[in-house]
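K.L.:
Pasting a structure below so you can have a look.
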Amino acid sequence: LPWIKKGKILIEYGKPISITKEEILIQEDLKRIKDFKIDLSDIKNEKDKEYPEVGNYECKVTYSKWFIPHTSSIQIQVEDTTKPKFSKFSDVVEIPLDSDQNYDFSSYFLAEDLSETSIQYKTEEVDFLNPGDYRMMIIASDTYGNSIEKECIVRVQYEKETSSPNKLQVSVYFCFNLSLFLTNFSITLCSLFFFFSSLLICCFFNFTHSFLFLY
């Protein structure tokens, strides 16, 4: 149609379709065209959403020019050109030594988009067998080929050493056990002392009593 500015109306996915005659008619025809209407009833929104899915749609157009009614159609293309966004991104990821390229990084990164998204982890530069910091590229893509990439650091950690007691710990342990031993030993000696003392006192009284009885 010569009075339409564009052969096809482009709508970004995620936006409700709303078209006015000012958007598609050439300036010279705005005053000549009357009763302009676009029938969008054939364009159905996605379930539980307020916008249609990606695709091409043909809509009926009615208008009057020079008081003569006309009917035609226009093409509407809903397209997704928006890149996903990272809603969660860890600049530094620490992983244990001897991990491999199948390590699960999903808990460190999350991407959001109106379309379905997936995340790739480029681990070619990561040496999982040697401790150190390595670069890794994170690529988030949606169903329609839009993607965003961002770099992070993968820190392969050194193997944790088995903890061994230091000199102070050994000294404290030794002193504690020595103190415990001496305490028990002292208690034992005191108990023996009181026992034999009591025994001697009893023997002495018995001897004295027997001696007095004889005299």
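We label chains A, B, ... in the order they appear in the structure tokens, count residues from 1 in each chain, and number ligands from 1 in the order shown.
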Determine, counting only C-alpha atoms, which protein, DNA and RNA residues have an atom within 9 Å of an atom of A:Asp80; residues of the same chain fewer than 4 positions away are not included. Present the result as a CSV table (one decimal) with N, CA and C atoms, in the first residue's frame.

P.N.:
```csv
chain,number,residue,atom,x,y,z
A,11,ILE,N,7.4,-5.3,16.2
A,11,ILE,CA,7.1,-5.2,17.6
A,11,ILE,C,8.0,-6.0,18.4
A,12,GLU,N,8.6,-5.4,19.5
A,12,GLU,CA,9.5,-6.2,20.3
A,12,GLU,C,8.7,-7.1,21.2
A,13,TYR,N,9.2,-8.4,21.3
A,13,TYR,CA,8.6,-9.4,22.1
A,13,TYR,C,8.5,-8.9,23.6
A,14,GLY,N,7.3,-9.1,24.2
A,14,GLY,CA,7.1,-8.7,25.6
A,14,GLY,C,6.3,-7.5,25.7
A,54,VAL,N,6.5,-14.7,19.7
A,54,VAL,CA,7.3,-14.3,18.5
A,54,VAL,C,6.7,-14.9,17.3
A,114,LEU,N,12.7,-13.0,28.9
A,114,LEU,CA,11.3,-13.4,28.7
A,114,LEU,C,11.3,-14.7,28.0
A,115,SER,N,12.3,-15.0,27.2
A,115,SER,CA,12.4,-16.3,26.5
A,115,SER,C,13.2,-17.3,27.4
A,144,TYR,N,16.1,-17.3,21.0
A,144,TYR,CA,16.2,-16.6,19.7
A,144,TYR,C,17.6,-16.1,19.3
A,145,GLY,N,18.6,-16.6,20.0
A,145,GLY,CA,19.9,-16.3,19.7
A,145,GLY,C,20.5,-15.1,20.2
A,146,ASN,N,19.8,-14.4,21.1
A,146,ASN,CA,20.4,-13.2,21.8
A,146,ASN,C,21.2,-13.7,22.9
```

K.L.:
Of the candidates A:Leu10, A:Glu94, A:His70, A:Phe86, which shows the shortest atom-to-atom distance to A:Asp35, using only C-alpha atoms?

P.N.:
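The closest residue to A:Asp35 is A:His70.
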
K.L.:
So how many Å separate atom CA of A:Met136 and atom CA of A:Lys150, to one decimal?

P.N.:
8.6 Å

K.L.:
Find the residues around A:Asp113 up to 8 Å (only C-alpha atoms counted), leave out those fewer than 3 positions away in its own chain, and share them as a list in words.

P.N.:
Lys83, Pro84, Lys85, Glu116, Thr117 and Asp142 of chain A

K.L.:
Can you work out which one of A:Tyr63, A:Tyr121, A:Tyr51, A:Tyr57 has the shortest atom-to-atom distance to A:Lys37, counting only C-alpha atoms?

P.N.:
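Among the listed residues, the smallest separation from A:Lys37 belongs to A:Tyr63.
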
K.L.:
Which distance in Å separates atom CA of A:Ser147 and atom CA of A:Glu112, to one decimal?

P.N.:
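Between atom CA of A:Ser147 and atom CA of A:Glu112 the gap works out to 11.2 Å.
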
K.L.:
Going by DSSP on the backbone, which bits of stretch 14-192 of chain A are strand (DSSP E or B)? Write them as a ChimeraX atom specification, please.

P.N.:
/A:25,33-39,45,52,55-65,68-79,85-89,92-95,109-112,117-122,132-142,147-156

K.L.:
Nearest to A:Val92 among A:Val156, A:Ile17, A:Ile26, A:Ile74, with distances taken over only C-alpha atoms: which residue is it?

P.N.:
A:Val156

K.L.:
Report the distance between atom CA of A:Ser90 and atom CA of A:Glu125 in Å, rounded to one decimal place.

P.N.:
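If I compute the distance from atom CA of A:Ser90 to atom CA of A:Glu125, I get 17.6 Å.
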
K.L.:
Considering only C-alpha atoms, state which residue in the set A:Pro69, A:Pro52, A:Pro96, A:Pro16 is at the smallest distance from A:Asp127.

P.N.:
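Answer, going by the shortest atom-to-atom distance: A:Pro96.
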
K.L.:
DSSP on the backbone: which residues in stretch 16-186 of chain A end up as helix (DSSP H, G or I)? Give the answer as JSON, numbers by chain.

P.N.:
{"A": [21, 22, 23, 24, 27, 28, 29, 106, 107, 108, 167, 168, 169, 170, 171, 172, 173, 174, 175, 176, 177, 178, 179, 180, 181, 182, 183, 184, 185, 186]}

K.L.:
Give me, as a PyMOL selection string, all polymer residues having an atom no more than 8 Å from A:Asp91, counting only C-alpha atoms and skipping those fewer than 5 positions away in the same chain.

P.N.:
chain A and resi 151-153

K.L.:
Which residue, A:Ile119, A:Met137, A:Cys59, A:Val154, has the smallest gap to A:Leu97 when you use only C-alpha atoms?

P.N.:
A:Val154

K.L.:
Looking at only C-alpha atoms, which of A:Thr62, A:Asn102, A:Gln75, A:Ser107 is the one that sits closest to A:Lys88?

P.N.:
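Checking each of A:Thr62, A:Asn102, A:Gln75, A:Ser107 against A:Lys88, counting only C-alpha atoms, the winner is A:Ser107.
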